[in-house]
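Below is one structure; the comments refer to it alone.
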Amino acid sequence: MKAVIMAGGEGSRLRPLTCDIPKPMARLCGIPAVSRILDLLCEHGITQAALTLRYLPNVLREEFPGGEYKGIKLDFVMELEPLGTAGGVKNAVPQSDGSIVVISGDALCDVDLTAAIKKHNELGADATLVVTRVADPREYGLVRFGGDGLVTGFLEKPGWNQAVTNAANTGIYILSPTALALIPENKPFDFAKDLFPLMMKEGKRLAAYETFDYWCDIGDLLTYRLAQADILHGRVSAALPPRREGVAPNEGIYFKDAAVAGDFQIIPPVYFGSGVSVGKGAVIGPDTILDDNVTVGEFSRVRQSVLLPGAFVGERARLTGAVVGAGASVKSEASVYEDAALGAGAIAGLRAEILPGVLIWPGKEVPDNARQSDSLQYGAGHRELFDDDGISGETGVDLTPELCAKIGAAVGSLRCGRRVGVAYGGSRAAKAFKAAFCAGVLSTGAQVWDFGEAMEAETAYAASFCSLSLCVHIGGGGGAHSTIRLIGENGLPANRNVERELAGIISRGQFSRASWNGYRDVADMTGIRMLYRQELYKSAPKGLSGCEGQARCGNREGERVFEDTLIRLGCDVTAGPVFNLSPSGTKVSVTDKEAGHITHERILAAACLIELRRGHNLTLPYDAPRVIDALAEKYGKSTQRYFSSSADGRDKAAREKSRAQLWLRDGMMTAIRLLSYLRESEETLVELMEEIPAFATAVRSFEIDVPPTEMFEKISGEFDLSGEGALLSRNGGTLLIRPSKKGKSLRILAEAASSETAEALCDEICAKLESR
């Protein structure tokens, strides 16, 4: 059988290590990752392999100058234009008489390929995907499959709210000639996005082989270190030099050549390459790799770190969780902390401190006595940015002007960020954060449209009206908590892919930079407020003369705008029902003498009822009340729902249609449309609400200490997992369970005919989750 090794990756998340080598050449305990993959192929009897090349191809060719490795004949296939994963394989093997194995050249694994091939043949599969269970599925393509081993669906790098399985696609495939034939030649084509969906559409047999062997996608510097620690601990079957005489079998000390002599301490496990020198009093380990020709000075401390060939560490230096590239130097008394990395030939000066997560690019030098808090050339990183509120935290502690400038630079560096809208809400802090954000955007050469002070609902309107792909609302709330929300196309929350791309740019520090003459002016777009007012007036085209309604809002500017708009429309704002607008302007509830208190959810249902009576279909958020579906069915209309953070574009049509119903997510528009309808129909609020079936909602937050997928796996037989979270209809009500974006809690939303029943549903599911 022939194999195709995908070896053209740049390894952008492994930079600065991969600035001068392709990712498959990253060394794992002294051996390039691609050589370990070839060892695996050799173990399973594969004698031919084609390597797809693109980034720095000569480095790989020079590693195997004879075109052969341990009896495996190697073909090097250059990819002149990006062809995608499947297109690259087709380019390497245009046709085949038998099945082929496809494997990544930059992973670490000991997967039983023989067993996978056997299952492929037994099932008569056209393609077999090797899958494995992962703790955090958000960075993986996920595969759903049944007990018969056949694939039923895919989900690409979802958020917790859509990750309904933790079976990850390892990128190891067995392809039959029928699958290979479906891949077009000389055309970009991906396995996950193109080939596998096409095969399912055409009824081909896609199988999943679940492996319990070791597999690690070396996606970033942390997993690069941890994978090598796994080798040292024996968690993966991988080549290591034999332990030397005099070293106990369980001590985990590996010398490539002769034992390193000297008066120093070793805390196992540790790997020593050839030509390593360690000074007196040094402490090495645990989980440490000293590759060929590494030098560590006297009394230095190196732990949980990787030092690549020719790296130098001076006296009394401290390295913890660091990666030091080939030929890089850490001078005496310098410190390099967790997840920091020095590229090839980089230098950390005398007594310098390289703070956690800082990346020093090849050849760069940190001066003596410097405290380096930003990555040299590209800036510093910031992890786990997004929660359910957006990017939020304590003002001046979690959210600072410095961070806002980095977020702005990252937004300007996005593919969709060349024209960015921004608005702020209320506080001086939010105004300062907006200024810092704008500076960051401008530093990339992108354009800023400044909408000034506005509520979130106004900002969403501005984004939709101006057809912006990305808009940012910075809210201070007048208190100690601040929030940055990303608003995408059609004024809806930005999708998961935008969040991932932005977080990745910040964590890697890879910001775009404008030339000296590439900076733009900020465009003053505060005139959008008048257009927003006009849109509010259009919600009551015949005015509100004779109507009564009082405006209330926790946002003083929002209340002023709301009340002024009602007055201009002819409404008496001294009497009648009280419309309680949320500070963001997105929701409204009503308190009325006759109808009592009407929640936002019931007001939303009333607004939808009006739309249905006018003969229109509905487009709603995924968590909008399910009773609205029953109303739509009664009127012969349909509802479409969009996700709060879409990962795979399934809700694209719903998102596009939602632009025509902005009022559904704007509390002022909803209130004005409601008053206008009641005026025109001469119907009372009580009479309108009587047509809406009785329902109430209850919300709980359930803290979890395991990945949400484990919870979903346990209840998967009871819930519909095809949407955003898990949905269940039972006992006359519905339950929607959706993980938080950080995966640390579950939001439980119950809907039933009464608040007592809704609360009981919450109690029941919480008890069930606790018992599991």
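How things are named: the first chain in the structure tokens is A, the next is B, and so on; residues count from 1 in each chain; ligands count from 1 in the order shown.
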
Leu206 of chain A: which residues within 8 Å, counting only C-alpha atoms, same-chain residues fewer than 3 positions away excluded, as a PyMOL selection string?
-> chain A and resi 125-129+150-151+196+199-200

Dump of N, CA, C and O atoms for the selected residues, as a compact mmCIF listing (two decimals), in the first residue's frame:
# COMPACT_ATOMS: atom_id res chain seq x y z
N ALA A 125 -15.59 0.21 2.72
CA ALA A 125 -15.72 1.67 2.73
C ALA A 125 -15.04 2.30 1.52
O ALA A 125 -14.02 1.81 1.03
N ASP A 126 -15.60 3.41 1.08
CA ASP A 126 -14.94 4.21 0.06
C ASP A 126 -13.86 5.09 0.68
O ASP A 126 -12.87 5.44 0.04
N ALA A 127 -14.10 5.47 1.95
CA ALA A 127 -13.09 6.22 2.70
C ALA A 127 -13.29 5.93 4.18
O ALA A 127 -14.42 5.78 4.64
N THR A 128 -12.19 5.81 4.90
CA THR A 128 -12.24 5.59 6.34
C THR A 128 -11.46 6.70 7.03
O THR A 128 -10.33 7.01 6.64
N LEU A 129 -12.07 7.30 8.04
CA LEU A 129 -11.45 8.36 8.80
C LEU A 129 -11.04 7.81 10.16
O LEU A 129 -11.87 7.20 10.85
N LEU A 150 -20.32 3.71 10.54
CA LEU A 150 -20.47 4.58 9.37
C LEU A 150 -20.73 6.02 9.81
O LEU A 150 -21.45 6.29 10.76
N VAL A 151 -20.13 6.95 9.09
CA VAL A 151 -20.19 8.37 9.42
C VAL A 151 -21.59 8.92 9.13
O VAL A 151 -22.17 8.64 8.08
N PHE A 196 -15.61 14.93 1.64
CA PHE A 196 -16.48 14.10 2.47
C PHE A 196 -17.95 14.50 2.35
O PHE A 196 -18.82 13.61 2.27
N MET A 199 -19.12 13.00 -0.87
CA MET A 199 -19.30 11.55 -0.79
C MET A 199 -20.59 11.19 -0.06
O MET A 199 -21.29 10.25 -0.47
N MET A 200 -20.91 11.93 1.00
CA MET A 200 -22.16 11.66 1.71
C MET A 200 -23.36 11.97 0.84
O MET A 200 -24.35 11.23 0.83

DSSP says strand (DSSP E) for which residues of segment 427-657 of chain A? Put them as a PyMOL selection string?
-> chain A and resi 447-453+470-475+481-487+523-524+550-553+578-581+588-592+596-598+618-621+639-642

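Around Lys187 of chain A, within 10 Å and counting only C-alpha atoms, the residues found are Glu81, Pro82, Leu83, Gly84, Ala86, Gly87, Gly88, Lys90 and Asn91 of chain A, once anything fewer than 6 positions away on its own chain is removed.
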
Please identify which residues in segment 326-519 of chain A DSSP calls helix (DSSP H, G or I) from the backbone, and express them as a PyMOL selection string.
-> chain A and resi 401-413+428-442+456-465+489-491+496-508

Closest contacts (segment 617-730 of chain A/segment 560-566 of chain A, max 10 Å, only C-alpha atoms) as CSV:
residue,atom,partner,partner_atom,distance
A:Gly667,CA,A:Phe562,CA,9.7
A:Met668,CA,A:Phe562,CA,6.6
A:Met669,CA,A:Phe562,CA,9.5
A:Ala671,CA,A:Phe562,CA,9.7
A:Ile672,CA,A:Leu566,CA,7.7
A:Leu675,CA,A:Leu566,CA,9.9

Next, the residues of the selection above should be written as a compact mmCIF listing (two decimals), in the first residue's frame with N, CA and C atoms.
# COMPACT_ATOMS: atom_id res chain seq x y z
N GLY A 667 -35.28 46.69 21.16
CA GLY A 667 -36.40 46.90 22.07
C GLY A 667 -37.24 48.11 21.74
N MET A 668 -36.63 49.22 21.33
CA MET A 668 -37.40 50.43 21.00
C MET A 668 -38.28 50.18 19.78
N MET A 669 -37.71 49.58 18.74
CA MET A 669 -38.50 49.31 17.53
C MET A 669 -39.66 48.39 17.86
N ALA A 671 -41.23 48.03 20.74
CA ALA A 671 -42.24 48.75 21.51
C ALA A 671 -43.06 49.68 20.62
N ILE A 672 -42.40 50.42 19.73
CA ILE A 672 -43.10 51.37 18.87
C ILE A 672 -44.00 50.64 17.88
N LEU A 675 -47.13 49.51 19.82
CA LEU A 675 -48.08 50.60 20.04
C LEU A 675 -48.79 50.98 18.75

Residues of segment 355-431 of chain A within 12 Å of segment 514-520 of chain A: nearest atom pair and distance (Å, one decimal) for each, counting only C-alpha atoms, sorted by chain and number, as a Markdown table?
| residue | atom | partner | partner_atom | distance |
| --- | --- | --- | --- | --- |
| A:Ala409 | CA | A:Ala514 | CA | 10.4 |
| A:Gly412 | CA | A:Ala514 | CA | 10.2 |
| A:Ser413 | CA | A:Ala514 | CA | 10.3 |
| A:Arg418 | CA | A:Arg520 | CA | 11.2 |
| A:Arg419 | CA | A:Arg520 | CA | 10.9 |

Counting only C-alpha atoms, give me one row per residue of segment 344-433 of chain A with an atom at most 12 Å from an atom of segment 582-604 of chain A, showing the shortest contact pair and its distance in Å to one decimal, sorted by chain then residue number, as a tab-separated table.
residue	atom	partner	partner_atom	distance
A:Asp389	CA	A:Ser584	CA	11.8
A:Tyr424	CA	A:Ser584	CA	11.0
A:Gly425	CA	A:Ser584	CA	8.6
A:Gly426	CA	A:Pro583	CA	10.1

Go ahead and dump the residues you just picked, N, CA and C atoms, as a short mmCIF file (atom, residue, chain, number, x, y, z; two decimals), in the first residue's frame.
data_model
loop_
_atom_site.label_atom_id
_atom_site.label_comp_id
_atom_site.auth_asym_id
_atom_site.auth_seq_id
_atom_site.Cartn_x
_atom_site.Cartn_y
_atom_site.Cartn_z
N ASP A 389 -20.51 37.04 27.01
CA ASP A 389 -20.76 38.48 26.89
C ASP A 389 -19.86 39.14 25.85
N TYR A 424 -19.37 53.26 21.38
CA TYR A 424 -19.17 53.01 22.80
C TYR A 424 -20.41 53.40 23.57
N GLY A 425 -20.54 52.83 24.74
CA GLY A 425 -21.73 53.09 25.54
C GLY A 425 -21.42 53.76 26.85
N GLY A 426 -21.72 55.04 26.94
CA GLY A 426 -21.92 55.69 28.21
C GLY A 426 -20.78 56.14 29.07
#

Which residue of A:Leu721, A:Gly297, A:Glu703, A:Ile692 approaches Glu770 of chain A most closely, using only C-alpha atoms | A:Glu703

May I have the residues within 9 Å of segment 172-178 of chain A as a PDB file with N, CA, C and O atoms, in the first residue's frame, using only C-alpha atoms and disregarding those fewer than 4 positions away in the same chain?
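Dumped to part-v2.pdb:
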ATOM      1  N   GLN A  95      -3.895   8.731  -9.607  1.00  0.00           N
ATOM      2  CA  GLN A  95      -4.759   7.552  -9.644  1.00  0.00           C
ATOM      3  C   GLN A  95      -4.058   6.402  -8.939  1.00  0.00           C
ATOM      4  O   GLN A  95      -2.839   6.392  -8.787  1.00  0.00           O
ATOM      5  N   SER A  96      -4.860   5.425  -8.488  1.00  0.00           N
ATOM      6  CA  SER A  96      -4.288   4.304  -7.762  1.00  0.00           C
ATOM      7  C   SER A  96      -5.145   3.072  -8.001  1.00  0.00           C
ATOM      8  O   SER A  96      -6.369   3.156  -8.083  1.00  0.00           O
ATOM      9  N   ASP A  97      -4.487   1.932  -8.077  1.00  0.00           N
ATOM     10  CA  ASP A  97      -5.213   0.674  -8.250  1.00  0.00           C
ATOM     11  C   ASP A  97      -5.794   0.171  -6.929  1.00  0.00           C
ATOM     12  O   ASP A  97      -6.731  -0.619  -6.931  1.00  0.00           O
ATOM     13  N   GLY A  98      -5.215   0.604  -5.823  1.00  0.00           N
ATOM     14  CA  GLY A  98      -5.696   0.164  -4.517  1.00  0.00           C
ATOM     15  C   GLY A  98      -5.863   1.331  -3.579  1.00  0.00           C
ATOM     16  O   GLY A  98      -5.677   2.493  -3.945  1.00  0.00           O
ATOM     17  N   SER A  99      -6.212   1.005  -2.347  1.00  0.00           N
ATOM     18  CA  SER A  99      -6.395   2.051  -1.344  1.00  0.00           C
ATOM     19  C   SER A  99      -5.061   2.689  -0.975  1.00  0.00           C
ATOM     20  O   SER A  99      -4.003   2.060  -1.085  1.00  0.00           O
ATOM     21  N   ILE A 100      -5.122   3.942  -0.513  1.00  0.00           N
ATOM     22  CA  ILE A 100      -3.932   4.647  -0.056  1.00  0.00           C
ATOM     23  C   ILE A 100      -4.174   5.184   1.343  1.00  0.00           C
ATOM     24  O   ILE A 100      -5.310   5.427   1.735  1.00  0.00           O
ATOM     25  N   VAL A 101      -3.091   5.321   2.090  1.00  0.00           N
ATOM     26  CA  VAL A 101      -3.154   5.924   3.422  1.00  0.00           C
ATOM     27  C   VAL A 101      -2.736   7.383   3.303  1.00  0.00           C
ATOM     28  O   VAL A 101      -1.729   7.691   2.673  1.00  0.00           O
ATOM     29  N   VAL A 102      -3.519   8.267   3.910  1.00  0.00           N
ATOM     30  CA  VAL A 102      -3.177   9.690   3.958  1.00  0.00           C
ATOM     31  C   VAL A 102      -2.913  10.045   5.417  1.00  0.00           C
ATOM     32  O   VAL A 102      -3.721   9.716   6.296  1.00  0.00           O
ATOM     33  N   ILE A 103      -1.785  10.701   5.668  1.00  0.00           N
ATOM     34  CA  ILE A 103      -1.418  11.018   7.040  1.00  0.00           C
ATOM     35  C   ILE A 103      -0.659  12.333   7.074  1.00  0.00           C
ATOM     36  O   ILE A 103       0.045  12.685   6.125  1.00  0.00           O
ATOM     37  N   SER A 104      -0.819  13.076   8.157  1.00  0.00           N
ATOM     38  CA  SER A 104      -0.121  14.348   8.307  1.00  0.00           C
ATOM     39  C   SER A 104       1.317  14.101   8.723  1.00  0.00           C
ATOM     40  O   SER A 104       1.604  13.211   9.530  1.00  0.00           O
ATOM     41  N   ALA A 116      -6.785  -0.192  11.188  1.00  0.00           N
ATOM     42  CA  ALA A 116      -7.639   0.762  10.474  1.00  0.00           C
ATOM     43  C   ALA A 116      -7.891   0.294   9.040  1.00  0.00           C
ATOM     44  O   ALA A 116      -9.011   0.378   8.527  1.00  0.00           O
ATOM     45  N   ILE A 117      -6.829  -0.176   8.395  1.00  0.00           N
ATOM     46  CA  ILE A 117      -6.971  -0.679   7.016  1.00  0.00           C
ATOM     47  C   ILE A 117      -7.875  -1.910   6.986  1.00  0.00           C
ATOM     48  O   ILE A 117      -8.709  -2.076   6.082  1.00  0.00           O
ATOM     49  N   HIS A 120     -11.417  -0.774   7.244  1.00  0.00           N
ATOM     50  CA  HIS A 120     -11.771  -0.165   5.961  1.00  0.00           C
ATOM     51  C   HIS A 120     -12.197  -1.242   4.963  1.00  0.00           C
ATOM     52  O   HIS A 120     -13.218  -1.112   4.275  1.00  0.00           O
ATOM     53  N   ALA A 125     -15.587   0.212   2.718  1.00  0.00           N
ATOM     54  CA  ALA A 125     -15.723   1.667   2.729  1.00  0.00           C
ATOM     55  C   ALA A 125     -15.036   2.299   1.523  1.00  0.00           C
ATOM     56  O   ALA A 125     -14.023   1.807   1.032  1.00  0.00           O
ATOM     57  N   ASP A 126     -15.604   3.409   1.082  1.00  0.00           N
ATOM     58  CA  ASP A 126     -14.938   4.210   0.056  1.00  0.00           C
ATOM     59  C   ASP A 126     -13.864   5.093   0.684  1.00  0.00           C
ATOM     60  O   ASP A 126     -12.875   5.436   0.040  1.00  0.00           O
ATOM     61  N   ALA A 127     -14.096   5.466   1.951  1.00  0.00           N
ATOM     62  CA  ALA A 127     -13.091   6.222   2.702  1.00  0.00           C
ATOM     63  C   ALA A 127     -13.292   5.927   4.182  1.00  0.00           C
ATOM     64  O   ALA A 127     -14.420   5.779   4.641  1.00  0.00           O
ATOM     65  N   THR A 128     -12.190   5.812   4.899  1.00  0.00           N
ATOM     66  CA  THR A 128     -12.244   5.593   6.342  1.00  0.00           C
ATOM     67  C   THR A 128     -11.461   6.701   7.028  1.00  0.00           C
ATOM     68  O   THR A 128     -10.328   7.007   6.642  1.00  0.00           O
ATOM     69  N   LEU A 129     -12.074   7.296   8.036  1.00  0.00           N
ATOM     70  CA  LEU A 129     -11.448   8.361   8.804  1.00  0.00           C
ATOM     71  C   LEU A 129     -11.041   7.806  10.164  1.00  0.00           C
ATOM     72  O   LEU A 129     -11.869   7.199  10.855  1.00  0.00           O
ATOM     73  N   VAL A 130      -9.819   7.995  10.548  1.00  0.00           N
ATOM     74  CA  VAL A 130      -9.376   7.611  11.884  1.00  0.00           C
ATOM     75  C   VAL A 130      -9.750   8.736  12.842  1.00  0.00           C
ATOM     76  O   VAL A 130      -9.393   9.902  12.620  1.00  0.00           O
ATOM     77  N   VAL A 131     -10.513   8.400  13.882  1.00  0.00           N
ATOM     78  CA  VAL A 131     -10.965   9.406  14.840  1.00  0.00           C
ATOM     79  C   VAL A 131     -10.497   9.026  16.235  1.00  0.00           C
ATOM     80  O   VAL A 131     -10.232   7.863  16.531  1.00  0.00           O
ATOM     81  N   LEU A 182     -13.068  11.084  -7.082  1.00  0.00           N
ATOM     82  CA  LEU A 182     -13.971  12.222  -6.911  1.00  0.00           C
ATOM     83  C   LEU A 182     -13.232  13.542  -6.717  1.00  0.00           C
ATOM     84  O   LEU A 182     -13.845  14.612  -6.767  1.00  0.00           O
ATOM     85  N   LYS A 204     -21.867   7.533  -0.841  1.00  0.00           N
ATOM     86  CA  LYS A 204     -20.681   6.701  -0.680  1.00  0.00           C
ATOM     87  C   LYS A 204     -20.562   6.266   0.773  1.00  0.00           C
ATOM     88  O   LYS A 204     -21.096   6.892   1.687  1.00  0.00           O
TER      89      LYS A 204
END

Quick one: everything within 10 Å of Ala192 of chain A, counting only C-alpha atoms, minus sequence neighbours fewer than 5 positions away in the same chain. Send it as a VMD selection string.
-> chain A and resid 85 to 86 141 to 143 154 to 156 169 171 197 to 198

Those same residues, written as a PDB file, in the first residue's frame with N, CA, C and O atoms?
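Written output follows (out_1.pdb):
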ATOM      1  N   THR A  85      -6.253  20.223   1.131  1.00  0.00           N
ATOM      2  CA  THR A  85      -5.766  18.930   1.617  1.00  0.00           C
ATOM      3  C   THR A  85      -6.003  17.805   0.609  1.00  0.00           C
ATOM      4  O   THR A  85      -5.089  17.045   0.278  1.00  0.00           O
ATOM      5  N   ALA A  86      -7.233  17.715   0.096  1.00  0.00           N
ATOM      6  CA  ALA A  86      -7.544  16.643  -0.860  1.00  0.00           C
ATOM      7  C   ALA A  86      -6.887  16.906  -2.210  1.00  0.00           C
ATOM      8  O   ALA A  86      -6.381  15.982  -2.860  1.00  0.00           O
ATOM      9  N   GLY A 141     -11.888  19.287  13.775  1.00  0.00           N
ATOM     10  CA  GLY A 141     -13.019  18.853  12.995  1.00  0.00           C
ATOM     11  C   GLY A 141     -13.601  17.617  13.663  1.00  0.00           C
ATOM     12  O   GLY A 141     -12.870  16.685  13.984  1.00  0.00           O
ATOM     13  N   LEU A 142     -14.918  17.609  13.904  1.00  0.00           N
ATOM     14  CA  LEU A 142     -15.548  16.516  14.641  1.00  0.00           C
ATOM     15  C   LEU A 142     -16.324  15.607  13.696  1.00  0.00           C
ATOM     16  O   LEU A 142     -16.845  16.052  12.670  1.00  0.00           O
ATOM     17  N   VAL A 143     -16.395  14.340  14.064  1.00  0.00           N
ATOM     18  CA  VAL A 143     -17.044  13.323  13.230  1.00  0.00           C
ATOM     19  C   VAL A 143     -18.115  12.619  14.058  1.00  0.00           C
ATOM     20  O   VAL A 143     -17.846  12.150  15.166  1.00  0.00           O
ATOM     21  N   PHE A 154     -20.596  15.771  10.105  1.00  0.00           N
ATOM     22  CA  PHE A 154     -19.350  16.456  10.451  1.00  0.00           C
ATOM     23  C   PHE A 154     -19.671  17.809  11.071  1.00  0.00           C
ATOM     24  O   PHE A 154     -20.717  18.397  10.825  1.00  0.00           O
ATOM     25  N   LEU A 155     -18.735  18.322  11.867  1.00  0.00           N
ATOM     26  CA  LEU A 155     -18.825  19.667  12.410  1.00  0.00           C
ATOM     27  C   LEU A 155     -17.411  20.202  12.549  1.00  0.00           C
ATOM     28  O   LEU A 155     -16.570  19.579  13.184  1.00  0.00           O
ATOM     29  N   GLU A 156     -17.141  21.354  11.939  1.00  0.00           N
ATOM     30  CA  GLU A 156     -15.778  21.865  11.857  1.00  0.00           C
ATOM     31  C   GLU A 156     -15.511  22.915  12.932  1.00  0.00           C
ATOM     32  O   GLU A 156     -16.097  23.987  12.946  1.00  0.00           O
ATOM     33  N   ASN A 169     -11.460  14.297  14.137  1.00  0.00           N
ATOM     34  CA  ASN A 169     -10.835  13.809  12.908  1.00  0.00           C
ATOM     35  C   ASN A 169      -9.319  13.973  13.043  1.00  0.00           C
ATOM     36  O   ASN A 169      -8.816  15.081  13.188  1.00  0.00           O
ATOM     37  N   GLY A 171      -7.095  13.387  10.771  1.00  0.00           N
ATOM     38  CA  GLY A 171      -6.427  13.689   9.506  1.00  0.00           C
ATOM     39  C   GLY A 171      -5.731  12.480   8.908  1.00  0.00           C
ATOM     40  O   GLY A 171      -4.981  12.605   7.940  1.00  0.00           O
ATOM     41  N   PRO A 197     -18.300  15.808   2.342  1.00  0.00           N
ATOM     42  CA  PRO A 197     -19.712  16.154   2.096  1.00  0.00           C
ATOM     43  C   PRO A 197     -20.208  15.655   0.741  1.00  0.00           C
ATOM     44  O   PRO A 197     -21.352  15.211   0.616  1.00  0.00           O
ATOM     45  N   LEU A 198     -19.343  15.730  -0.290  1.00  0.00           N
ATOM     46  CA  LEU A 198     -19.720  15.233  -1.610  1.00  0.00           C
ATOM     47  C   LEU A 198     -19.973  13.732  -1.572  1.00  0.00           C
ATOM     48  O   LEU A 198     -20.954  13.233  -2.153  1.00  0.00           O
TER      49      LEU A 198
END

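Atom CA of Ala607 of chain A to atom CA of Gly570 of chain A spans 21.0 Å [interatomic distance, one decimal].
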
Please identify all polymer residues within 12 Å of Ile567 of chain A, counting only C-alpha atoms, omitting same-chain residues fewer than 6 positions from it, and present them as number ranges by chain.
-> A: 537, 543-551, 560-561, 573-574, 672

Given the selection you just returned, output its residues as a file containing C-alpha atoms, formatted as a compact mmCIF listing (two decimals), in the first residue's frame.
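Result saved to out_7.txt:
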# COMPACT_ATOMS: atom_id res chain seq x y z
CA TYR A 537 -40.27 56.73 13.17
CA GLY A 543 -47.74 58.17 14.28
CA LEU A 544 -48.86 57.32 17.80
CA SER A 545 -51.42 60.06 18.38
CA GLY A 546 -53.88 58.92 21.03
CA CYS A 547 -51.49 56.28 22.41
CA GLU A 548 -50.05 56.18 25.91
CA GLY A 549 -46.72 54.69 26.91
CA GLN A 550 -43.95 55.52 29.37
CA ALA A 551 -40.26 54.99 28.56
CA ARG A 560 -33.92 60.04 26.61
CA VAL A 561 -33.92 58.85 22.98
CA VAL A 573 -45.52 59.59 27.80
CA THR A 574 -47.08 60.53 31.17
CA ILE A 672 -43.10 51.37 18.87

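Using only C-alpha atoms, the contacts of Arg225 of chain A at a cut-off of 8 Å, with sequence neighbours closer than 3 positions omitted, comprise A:Leu221, A:Leu222, A:Gln228, A:Ala229, A:Gln304, A:Ser305, A:Val306, A:Gly321, A:Val323.
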
Give me a file of those residues, with C-alpha atoms, as a tab-separated table (two decimals), in the first residue's frame.
chain	number	residue	atom	x	y	z
A	221	LEU	CA	4.11	25.54	21.23
A	222	LEU	CA	2.35	24.11	24.29
A	228	GLN	CA	7.76	15.42	23.85
A	229	ALA	CA	6.99	14.98	27.54
A	304	GLN	CA	9.83	21.37	31.31
A	305	SER	CA	11.67	23.01	28.43
A	306	VAL	CA	12.91	22.13	24.96
A	321	GLY	CA	8.19	25.72	30.19
A	323	VAL	CA	11.31	26.53	23.93

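The closest residue to Ala227 of chain A, picked from A:Ser755, A:Thr288, A:Ser729, A:Asn555 and counting only C-alpha atoms, is A:Thr288.
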
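Going from atom CA of Thr223 of chain A over to atom CA of Ala259 of chain A, you cover 28.1 Å.
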
Mind giving me the straight-line distance from atom CA of Trp361 of chain A to atom CA of Ile391 of chain A in Å, one decimal?
-> 28.1 Å
